[in-house]
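Participant: This is target29.cif, which holds mmCIF, C-alpha atoms:
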```
data_my_file
loop_
_atom_site.label_atom_id
_atom_site.label_comp_id
_atom_site.auth_asym_id
_atom_site.auth_seq_id
_atom_site.Cartn_x
_atom_site.Cartn_y
_atom_site.Cartn_z
CA MET A 7 206.83 18.76 -15.12
CA GLU A 8 205.73 19.35 -11.53
CA SER A 9 204.28 22.72 -12.52
CA THR A 10 202.31 21.09 -15.34
CA VAL A 11 200.85 18.50 -12.94
CA LYS A 12 199.84 21.21 -10.47
CA ASN A 13 198.22 23.29 -13.18
CA SER A 14 196.35 20.25 -14.49
CA ARG A 15 195.14 19.44 -11.00
CA ALA A 16 194.05 23.00 -10.43
CA ARG A 17 192.07 23.07 -13.69
CA ARG A 18 190.47 19.71 -12.89
CA PHE A 19 189.32 20.71 -9.44
CA GLY A 20 188.40 24.14 -10.69
CA VAL A 21 185.93 22.54 -13.10
CA ARG A 22 184.60 20.32 -10.34
CA ALA A 23 184.16 23.32 -8.09
CA VAL A 24 182.18 25.11 -10.79
CA VAL A 25 179.87 22.10 -11.17
CA VAL A 26 179.29 21.88 -7.43
CA ALA A 27 178.93 25.65 -7.20
CA GLY A 28 176.19 25.44 -9.81
CA THR A 29 174.32 22.94 -7.65
CA ALA A 30 174.84 25.05 -4.55
CA GLY A 31 173.76 28.16 -6.45
CA ALA A 32 170.51 26.53 -7.49
CA VAL A 33 169.80 25.51 -3.93
CA LEU A 34 170.75 28.95 -2.63
CA ALA A 35 168.24 30.49 -4.99
CA MET A 36 165.60 28.40 -3.25
CA ALA A 37 167.01 29.31 0.16
CA ALA A 38 167.14 33.07 -0.37
CA PRO A 39 163.46 33.83 0.38
CA MET A 40 163.67 31.79 3.59
CA ALA A 41 167.03 33.04 4.83
CA SER A 42 167.19 34.99 8.07
CA ALA A 43 169.97 36.93 9.77
CA GLN A 44 172.34 34.75 11.77
CA ASP A 45 173.46 35.85 15.22
CA ALA A 46 176.56 33.63 15.08
CA PRO A 47 178.48 31.81 12.35
CA MET A 48 176.90 28.51 11.33
CA GLN A 49 178.80 25.56 12.75
CA ILE A 50 179.32 22.69 10.30
CA PRO A 51 180.27 19.22 11.57
CA GLY A 52 183.58 18.14 10.05
CA ALA A 53 184.28 21.50 8.40
CA THR A 54 187.99 21.26 9.22
CA ILE A 55 188.33 18.31 6.82
CA CYS A 56 187.71 20.64 3.88
CA ASP A 57 190.33 23.12 5.07
CA GLU A 58 192.87 20.35 5.69
CA TYR A 59 192.40 19.00 2.17
CA ARG A 60 192.86 22.40 0.56
CA SER A 61 195.97 23.08 2.65
CA SER A 62 197.58 19.71 1.97
CA THR A 63 196.92 19.55 -1.79
CA GLY A 64 197.14 23.19 -2.78
CA ASP A 65 193.94 22.91 -4.80
CA PRO A 66 192.52 26.44 -5.19
CA ALA A 67 188.88 25.46 -4.69
CA GLN A 68 187.12 22.36 -3.47
CA ALA A 69 183.58 21.65 -2.30
CA CYS A 70 182.64 19.60 0.74
CA LEU A 71 179.59 17.84 2.09
CA ALA A 72 178.46 16.96 5.61
CA VAL A 73 175.44 14.99 6.75
CA ASP A 74 174.63 15.41 10.44
CA VAL A 75 172.11 12.82 11.68
CA GLN A 76 169.70 14.37 14.17
CA SER A 77 167.53 11.35 14.98
CA GLY A 78 166.61 7.94 13.69
CA THR A 79 165.84 4.30 14.37
CA PHE A 80 167.43 1.05 13.27
CA ASP A 81 164.91 -1.80 13.40
CA ASN A 82 165.38 -5.50 12.76
CA ASN A 83 162.10 -7.36 13.25
CA GLY A 84 161.45 -5.65 16.57
CA PHE A 85 165.06 -5.22 17.69
CA ASN A 86 165.34 -1.43 17.91
CA LEU A 87 168.36 0.85 18.17
CA PRO A 88 167.59 4.56 18.61
CA ILE A 89 169.89 7.13 16.97
CA LYS A 90 170.25 10.53 18.61
CA ALA A 91 171.74 13.86 17.56
CA GLY A 92 175.52 13.56 17.41
CA ASP A 93 175.60 9.78 17.03
CA MET A 94 176.65 9.87 13.37
CA VAL A 95 178.18 12.39 10.97
CA ILE A 96 179.29 11.97 7.36
CA ALA A 97 181.97 14.51 6.45
CA SER A 98 184.05 14.50 3.28
CA VAL A 99 185.46 16.44 0.38
CA LEU A 100 183.00 16.43 -2.53
CA THR A 101 184.31 15.93 -6.04
CA GLU A 102 183.11 14.15 -9.20
CA ASP A 103 184.17 11.33 -11.49
CA GLY A 104 184.91 11.53 -15.20
CA ASP A 105 181.19 11.29 -16.03
CA GLY A 106 180.26 14.18 -13.76
CA ASN A 107 178.80 12.01 -10.98
CA PRO A 108 179.30 13.20 -7.38
CA VAL A 109 182.01 11.37 -5.44
CA LEU A 110 182.97 11.64 -1.79
CA LEU A 111 186.70 11.80 -1.11
CA PRO A 112 187.08 11.06 2.62
CA ARG A 113 190.07 11.89 4.76
CA ASP A 114 192.51 9.01 5.18
CA ASP A 115 191.86 8.39 8.89
CA GLY A 116 190.29 4.90 8.78
CA HIS A 117 186.67 6.06 9.01
CA ASN A 118 185.82 6.31 5.29
CA GLY A 119 184.08 9.62 5.94
CA VAL A 120 181.59 8.19 8.45
CA TYR A 121 182.07 9.15 12.10
CA ALA A 122 179.83 7.23 14.49
CA LYS A 123 180.02 6.51 18.18
CA PRO A 124 178.74 3.49 20.10
CA MET A 125 174.97 3.74 20.52
CA THR A 126 173.32 2.22 23.58
CA VAL A 127 171.18 -0.84 22.87
CA PRO A 128 168.05 -0.59 25.04
CA GLY A 129 167.80 -3.59 27.34
CA GLY A 130 171.43 -4.63 26.98
CA VAL A 131 172.24 -8.34 26.78
CA LEU A 132 168.83 -9.69 27.83
CA GLY A 133 166.50 -7.08 26.38
CA ILE A 134 165.62 -5.83 29.86
CA ASP A 135 167.56 -3.09 31.63
CA LEU A 136 168.87 -4.55 34.88
CA PRO A 137 169.49 -2.76 38.21
CA PHE A 138 172.75 -1.01 39.08
CA ASN A 139 173.24 0.42 35.60
CA ASN A 140 172.85 -2.96 33.90
CA LEU A 141 174.94 -4.73 36.54
CA PHE A 142 177.67 -2.11 36.54
CA GLY A 143 177.91 -2.24 32.77
CA LEU A 144 178.47 -5.99 32.49
CA ALA A 145 175.07 -6.48 30.82
CA ALA A 146 175.23 -3.28 28.78
CA VAL A 147 175.57 -3.43 24.99
CA THR A 148 176.42 -0.77 22.43
CA ALA A 149 176.37 -0.94 18.64
CA GLU A 150 178.66 1.10 16.42
CA VAL A 151 178.34 1.72 12.70
CA GLN A 152 181.62 1.48 10.79
CA ALA A 153 181.76 2.27 7.08
CA VAL A 154 183.84 -0.27 5.14
CA GLU A 155 184.17 2.15 2.19
CA ALA A 156 183.12 5.70 1.45
CA PRO A 157 179.39 6.38 1.01
CA SER A 158 178.30 6.93 -2.58
CA PHE A 159 175.59 9.04 -4.20
CA ASN A 160 173.07 7.64 -6.65
CA GLY A 161 172.23 10.67 -8.76
CA ILE A 162 172.57 14.35 -7.90
CA VAL A 163 173.75 15.39 -4.46
CA THR A 164 170.61 17.29 -3.44
CA GLU A 165 168.45 14.16 -3.83
CA PHE A 166 170.33 12.61 -0.87
CA ASP A 167 170.12 9.12 -2.35
CA ILE A 168 173.06 7.54 -0.52
CA SER A 169 174.48 4.01 -0.49
CA LEU A 170 176.31 3.18 2.73
CA PRO A 171 178.14 -0.18 3.11
CA VAL A 172 178.86 -0.83 6.79
CA ARG A 173 179.60 -3.35 9.45
CA MET A 174 178.16 -3.02 12.95
CA LYS A 175 180.52 -3.51 15.87
CA ILE A 176 178.82 -4.95 18.95
CA ASN A 177 180.42 -3.98 22.25
CA ASN A 178 180.04 -5.72 25.61
CA ALA A 179 182.42 -6.62 28.41
CA PHE A 180 182.44 -10.30 27.42
CA LEU A 181 182.38 -10.04 23.62
CA GLY A 182 185.94 -8.93 22.98
CA ASP A 183 186.94 -6.37 20.37
CA ASN A 184 186.05 -8.25 17.19
CA CYS A 185 182.30 -8.88 17.45
CA TYR A 186 180.58 -7.75 14.25
CA LEU A 187 177.46 -7.98 12.16
CA GLY A 188 178.77 -7.75 8.61
CA SER A 189 182.38 -7.51 7.53
CA GLU A 190 184.67 -5.57 5.22
CA THR A 191 184.12 -8.13 2.45
CA ALA A 192 180.41 -8.78 3.13
CA PRO A 193 178.98 -5.56 4.59
CA VAL A 194 175.44 -4.58 5.48
CA GLU A 195 174.27 -2.47 2.54
CA PHE A 196 172.13 0.54 3.48
CA ARG A 197 170.58 2.54 0.64
CA LEU A 198 169.03 5.64 2.16
CA LEU A 199 166.37 7.30 0.02
CA LYS A 200 164.90 10.73 0.77
CA THR A 201 161.31 10.37 2.01
CA ASN A 202 160.23 14.00 2.52
CA THR A 203 156.82 14.92 1.15
CA ASP A 204 155.59 18.31 -0.06
CA GLU A 205 154.07 18.86 3.38
CA ASP A 206 157.35 18.31 5.24
CA ALA A 207 159.88 19.46 2.65
CA PRO A 208 163.46 20.21 3.79
CA THR A 209 164.39 23.77 4.73
CA TYR A 210 167.19 25.76 3.09
CA GLU A 211 169.55 28.23 4.72
CA PRO A 212 172.74 29.84 3.35
CA THR A 213 175.95 29.24 5.28
CA SER A 214 177.56 32.15 7.10
CA ASP A 215 179.55 33.39 4.10
CA GLY A 216 176.79 32.73 1.58
CA MET A 217 179.02 30.25 -0.27
CA GLY A 218 177.16 27.14 0.79
CA VAL A 219 173.81 25.89 1.99
CA LYS A 220 172.34 23.97 4.91
CA VAL A 221 169.48 21.65 3.97
CA GLY A 222 167.57 20.96 7.17
CA GLY A 223 165.19 18.16 8.06
CA VAL A 224 166.13 15.65 5.35
CA LYS A 225 164.18 12.46 6.02
CA SER A 226 165.64 9.21 4.71
CA ALA A 227 164.85 5.51 4.89
CA ALA A 228 166.43 2.21 3.94
CA THR A 229 164.38 -0.99 4.03
CA GLY A 230 164.68 -4.67 3.29
CA PHE A 231 168.45 -4.97 3.63
CA ALA A 232 170.07 -8.22 4.73
CA ILE A 233 171.99 -8.60 7.99
CA PRO A 234 174.32 -11.61 8.37
CA ALA A 235 174.94 -13.65 11.48
CA ALA A 236 177.40 -12.41 14.08
CA SER A 237 181.09 -13.25 13.91
CA GLY A 238 184.05 -12.93 16.28
CA CYS A 239 181.97 -12.60 19.46
CA GLY A 240 183.80 -13.97 22.47
CA PRO A 241 186.78 -16.36 22.41
CA PHE A 242 186.76 -18.30 19.13
CA GLY A 243 183.25 -16.96 18.45
CA VAL A 244 181.59 -18.98 21.22
CA LEU A 245 179.19 -16.13 21.98
CA ASN A 246 178.02 -15.68 18.38
CA PRO A 247 174.75 -17.59 19.09
CA ILE A 248 173.92 -15.24 21.98
CA VAL A 249 174.41 -12.16 19.79
CA ASN A 250 172.41 -13.78 16.98
CA TRP A 251 169.53 -14.42 19.37
CA ARG A 252 169.57 -10.93 20.85
CA ALA A 253 169.98 -9.06 17.54
CA LYS A 254 167.62 -11.40 15.63
CA VAL A 255 170.14 -12.22 12.94
CA PRO A 256 170.68 -13.42 10.32
CA ALA A 257 167.82 -11.52 8.71
CA THR A 258 166.82 -11.00 5.09
CA SER A 259 163.58 -9.07 5.59
CA GLY A 260 161.81 -6.94 8.19
CA THR A 261 164.76 -4.53 8.44
CA SER A 262 164.68 -0.74 8.27
CA LEU A 263 166.73 2.34 9.02
CA THR A 264 165.10 5.77 9.21
CA THR A 265 166.93 9.05 9.83
CA VAL A 266 166.34 12.78 9.98
CA SER A 267 169.47 14.75 9.07
CA ASN A 268 170.85 18.15 8.23
CA GLY A 269 172.94 18.30 5.07
CA TYR A 270 175.62 20.88 4.27
CA LEU A 271 177.04 21.65 0.83
CA TYR A 272 179.83 24.20 1.17
CA PHE A 273 183.30 25.46 0.30
CA PRO A 274 186.36 25.63 2.62
CA GLY A 275 186.61 28.34 5.25
CA GLN A 276 183.44 27.55 7.21
CA GLU A 277 183.18 27.44 11.00
CA GLY A 278 183.00 23.92 12.41
CA ASN A 279 184.79 21.06 14.11
CA ASP A 280 186.88 18.00 13.42
CA PRO A 281 184.68 14.89 13.76
CA LEU A 282 187.56 13.06 15.44
CA ASP A 283 187.63 15.53 18.34
CA GLY A 284 187.04 13.75 21.63
CA LEU A 285 187.38 10.21 20.33
CA ASP A 286 189.82 9.27 23.06
CA GLY A 287 187.16 10.04 25.65
CA GLY A 288 184.99 7.10 24.58
CA GLY A 289 181.57 6.83 26.15
CA THR A 290 178.05 6.49 24.79
CA GLY A 291 174.91 8.52 24.45
CA SER A 292 174.21 11.68 22.53
CA LEU A 293 176.55 14.64 22.86
CA GLY A 294 174.90 16.92 20.32
CA SER A 295 175.61 17.51 16.66
CA LEU A 296 178.99 19.08 17.36
CA GLY A 297 179.85 17.01 20.40
CA SER A 298 182.52 14.36 20.79
CA LEU A 299 182.12 11.33 18.58
CA SER A 300 183.39 7.95 19.73
CA SER A 301 184.50 5.16 17.46
CA SER A 302 186.95 2.33 17.78
CA GLY A 303 188.10 2.70 14.21
CA SER A 304 188.42 -0.14 11.80
CA SER A 305 189.84 -2.89 13.96
CA GLY A 306 188.56 -6.39 13.62
CA SER A 307 187.56 -8.49 10.70
#
```
Please express the file's structure as structure tokens.

Facilitator:
Amino acid sequence: MESTVKNSRARRFGVRAVVVAGTAGAVLAMAAPMASAQDAPMQIPGATICDEYRSSTGDPAQACLAVDVQSGTFDNNGFNLPIKAGDMVIASVLTEDGDGNPVLLPRDDGHNGVYAKPMTVPGGVLGIDLPFNNLFGLAAVTAEVQAVEAPSFNGIVTEFDISLPVRMKINNAFLGDNCYLGSETAPVEFRLLKTNTDEDAPTYEPTSDGMGVKVGGVKSAATGFAIPAASGCGPFGVLNPIVNWRAKVPATSGTSLTTVSNGYLYFPGQEGNDPLDGLDGGGTGSLGSLGSLSSSGSSGS
């Protein structure tokens, strides 16, 4: 019986791998004329997740996807949060459902495949950076994106049409550890659509072993999403009004998220890192696309 189950699983994922390989092959055909010799193996954020999955399940072949955000801006009616290289990575096994639609299968580590670190809010609590490093950090604020479920694709993978349900954790010395915009049951719903034009089309480059592809410079945007009022900020939520004022929430219009990312569609065995590396170090600011990522996990409401 066990052997039958394993063989069934192998056939199932083998078919999925062929489907994904077909997509990768089509993209590689586009990449071939632009490919150049690589001096060093391509480093893929979160590549170890693919290897871990293959080792733990015994599946003979499995595809993976990573999206490495290089820059971006979150804007809510003039409240701006810059996103820098290394602030957010999506890394997951890539499979498909019974209808052949792409599905992300994240590692069971509480992050739902989205690894983001606290991003510094310019101006801190008052909207104006104060002396002495925002009063020795007391007036500093960071915002951290936490996925409440795995991202999902709307259509084929290479269109990079991604739905991302999240909550945003707001961090400050006085806010406690449960201050959020959005929740697990009522998240902020980002739908990122690719916005590249013919003049600034993404670039294509084969991975080091030729079994995958890097799609560089993918531009995406989400607009018009709703953001609820803050919850859990300070003892018994007494600081919710302050966060609402500073973040300009609740909001139902005037919101946008724009990003520029590198996407990777690949098979196990690639060079790369574990996106959880360095999480214990904490901290803020950009550490590069393969740097340490900080997140406080899925605590809170």

Participant: Closest to A:Val219 among A:Gly269, A:Gly92, A:Pro247, A:Gly84, using only C-alpha atoms?

Facilitator: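 Among A:Gly269, A:Gly92, A:Pro247, A:Gly84, it is A:Gly269 that comes nearest to A:Val219.
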
Participant: Can you work out which one of A:Leu100, A:Val109, A:Ala146, A:Val249 has the shortest atom-to-atom distance to A:Tyr59, counting all atoms listed in the file?

Facilitator: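 Using all atoms listed in the file, A:Tyr59 sits closest to A:Leu100.
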
Participant: What does the structure give for the distance between atom CA of A:Pro124 and atom CA of A:Glu150, in Å to one decimal?

Facilitator: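 Result for atom CA of A:Pro124 versus atom CA of A:Glu150: 4.4 Å, one decimal.
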
Participant: I'd like the contact shell of A:Gly78 - 6 Å cut-off, all atoms listed in the file, skipping same-chain residues fewer than 3 positions apart - returned as a PyMOL selection string.

Facilitator: chain A and resi 89+264-265

Participant: For the structure shown, which residues end up in the PyMOL selection byres ((chain A and resi 237) around 10)? Put them as a PyMOL selection string, please?

Facilitator: chain A and resi 175-176+184-189+234-236+238-240+242-247+249-250+307

Participant: Go through A:Pro193, A:Gly223, A:Gly119, A:Gly104 and flag the residue nearest A:Ser77, using all atoms listed in the file for the distances.

Facilitator: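 Counting all atoms listed in the file, the residue closest to A:Ser77 is A:Gly223.
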
Participant: Given the choices A:Leu181, A:Asp206, A:Val224, A:Leu110, which gets closest to A:Ser169 if the distance is worked out from all atoms listed in the file?

Facilitator: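 Comparing A:Leu181, A:Asp206, A:Val224, A:Leu110 against A:Ser169, the winner is A:Leu110.
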
Participant: Considering all atoms listed in the file, return as a ChimeraX atom specification whatever protein or nucleic-acid residues lie within 12 Å of stretch 194-196 of chain A, sequence-local ones (same chain, fewer than 4 positions apart) excluded.

Facilitator: /A:80,151-155,157-159,167-175,186-190,226-236,255-258,261-265

Participant: Evaluate the PyMOL selection byres ((chain A and resi 276) around 10) here and jot the selected residues down as a PyMOL selection string.

Facilitator: chain A and resi 47-54+56-57+213-215+217-218+272-275+277-279

Participant: Some atoms are missing, so please complete stretch 216-227 of chain A with all heavy atoms and return it as a JSON list (two decimals), keeping the file's coordinate frame.

Facilitator:
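Just written: part.json:
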```json
[["chain", "number", "residue", "atom", "x", "y", "z"],
["A", 216, "GLY", "N", 177.61, 32.74, 2.78],
["A", 216, "GLY", "CA", 176.79, 32.73, 1.58],
["A", 216, "GLY", "C", 177.32, 31.85, 0.47],
["A", 216, "GLY", "O", 176.77, 31.82, -0.63],
["A", 217, "MET", "N", 178.39, 31.09, 0.75],
["A", 217, "MET", "CA", 179.02, 30.25, -0.27],
["A", 217, "MET", "C", 178.64, 28.77, -0.14],
["A", 217, "MET", "O", 179.27, 27.90, -0.73],
["A", 217, "MET", "CB", 180.54, 30.38, -0.19],
["A", 217, "MET", "CG", 181.04, 31.76, -0.57],
["A", 217, "MET", "SD", 180.68, 32.16, -2.30],
["A", 217, "MET", "CE", 181.73, 30.97, -3.13],
["A", 218, "GLY", "N", 177.62, 28.50, 0.63],
["A", 218, "GLY", "CA", 177.16, 27.14, 0.79],
["A", 218, "GLY", "C", 175.73, 27.16, 1.29],
["A", 218, "GLY", "O", 175.12, 28.22, 1.42],
["A", 219, "VAL", "N", 175.20, 25.98, 1.56],
["A", 219, "VAL", "CA", 173.81, 25.89, 1.99],
["A", 219, "VAL", "C", 173.65, 24.77, 3.00],
["A", 219, "VAL", "O", 174.31, 23.73, 2.93],
["A", 219, "VAL", "CB", 172.88, 25.67, 0.77],
["A", 219, "VAL", "CG1", 173.15, 24.32, 0.12],
["A", 219, "VAL", "CG2", 171.42, 25.80, 1.17],
["A", 220, "LYS", "N", 172.77, 25.00, 3.97],
["A", 220, "LYS", "CA", 172.34, 23.97, 4.91],
["A", 220, "LYS", "C", 170.95, 23.52, 4.49],
["A", 220, "LYS", "O", 170.05, 24.34, 4.31],
["A", 220, "LYS", "CB", 172.30, 24.52, 6.33],
["A", 220, "LYS", "CG", 171.67, 23.55, 7.34],
["A", 220, "LYS", "CD", 171.55, 24.20, 8.72],
["A", 220, "LYS", "CE", 170.86, 23.28, 9.71],
["A", 220, "LYS", "NZ", 170.72, 23.92, 11.05],
["A", 221, "VAL", "N", 170.79, 22.23, 4.29],
["A", 221, "VAL", "CA", 169.48, 21.65, 3.97],
["A", 221, "VAL", "C", 169.00, 20.92, 5.22],
["A", 221, "VAL", "O", 169.56, 19.90, 5.61],
["A", 221, "VAL", "CB", 169.58, 20.67, 2.78],
["A", 221, "VAL", "CG1", 168.19, 20.20, 2.37],
["A", 221, "VAL", "CG2", 170.30, 21.33, 1.61],
["A", 222, "GLY", "N", 168.00, 21.48, 5.88],
["A", 222, "GLY", "CA", 167.57, 20.96, 7.17],
["A", 222, "GLY", "C", 166.38, 20.02, 7.07],
["A", 222, "GLY", "O", 165.52, 20.15, 6.19],
["A", 223, "GLY", "N", 166.33, 19.06, 7.98],
["A", 223, "GLY", "CA", 165.19, 18.16, 8.06],
["A", 223, "GLY", "C", 165.04, 17.20, 6.90],
["A", 223, "GLY", "O", 163.93, 16.93, 6.44],
["A", 224, "VAL", "N", 166.18, 16.64, 6.44],
["A", 224, "VAL", "CA", 166.13, 15.65, 5.35],
["A", 224, "VAL", "C", 165.75, 14.30, 5.94],
["A", 224, "VAL", "O", 166.48, 13.74, 6.76],
["A", 224, "VAL", "CB", 167.48, 15.56, 4.62],
["A", 224, "VAL", "CG1", 167.40, 14.51, 3.52],
["A", 224, "VAL", "CG2", 167.88, 16.91, 4.05],
["A", 225, "LYS", "N", 164.62, 13.77, 5.53],
["A", 225, "LYS", "CA", 164.18, 12.46, 6.02],
["A", 225, "LYS", "C", 164.59, 11.38, 5.03],
["A", 225, "LYS", "O", 164.41, 11.53, 3.82],
["A", 225, "LYS", "CB", 162.66, 12.46, 6.19],
["A", 225, "LYS", "CG", 162.15, 13.41, 7.27],
["A", 225, "LYS", "CD", 160.65, 13.29, 7.45],
["A", 225, "LYS", "CE", 160.17, 14.21, 8.57],
["A", 225, "LYS", "NZ", 158.70, 14.11, 8.77],
["A", 226, "SER", "N", 165.15, 10.29, 5.56],
["A", 226, "SER", "CA", 165.64, 9.21, 4.71],
["A", 226, "SER", "C", 165.24, 7.86, 5.29],
["A", 226, "SER", "O", 165.02, 7.74, 6.51],
["A", 226, "SER", "CB", 167.17, 9.26, 4.57],
["A", 226, "SER", "OG", 167.58, 10.51, 4.06],
["A", 227, "ALA", "N", 165.17, 6.86, 4.43],
["A", 227, "ALA", "CA", 164.85, 5.51, 4.89],
["A", 227, "ALA", "C", 165.51, 4.48, 4.00],
["A", 227, "ALA", "O", 165.62, 4.67, 2.79],
["A", 227, "ALA", "CB", 163.33, 5.30, 4.92]]
```
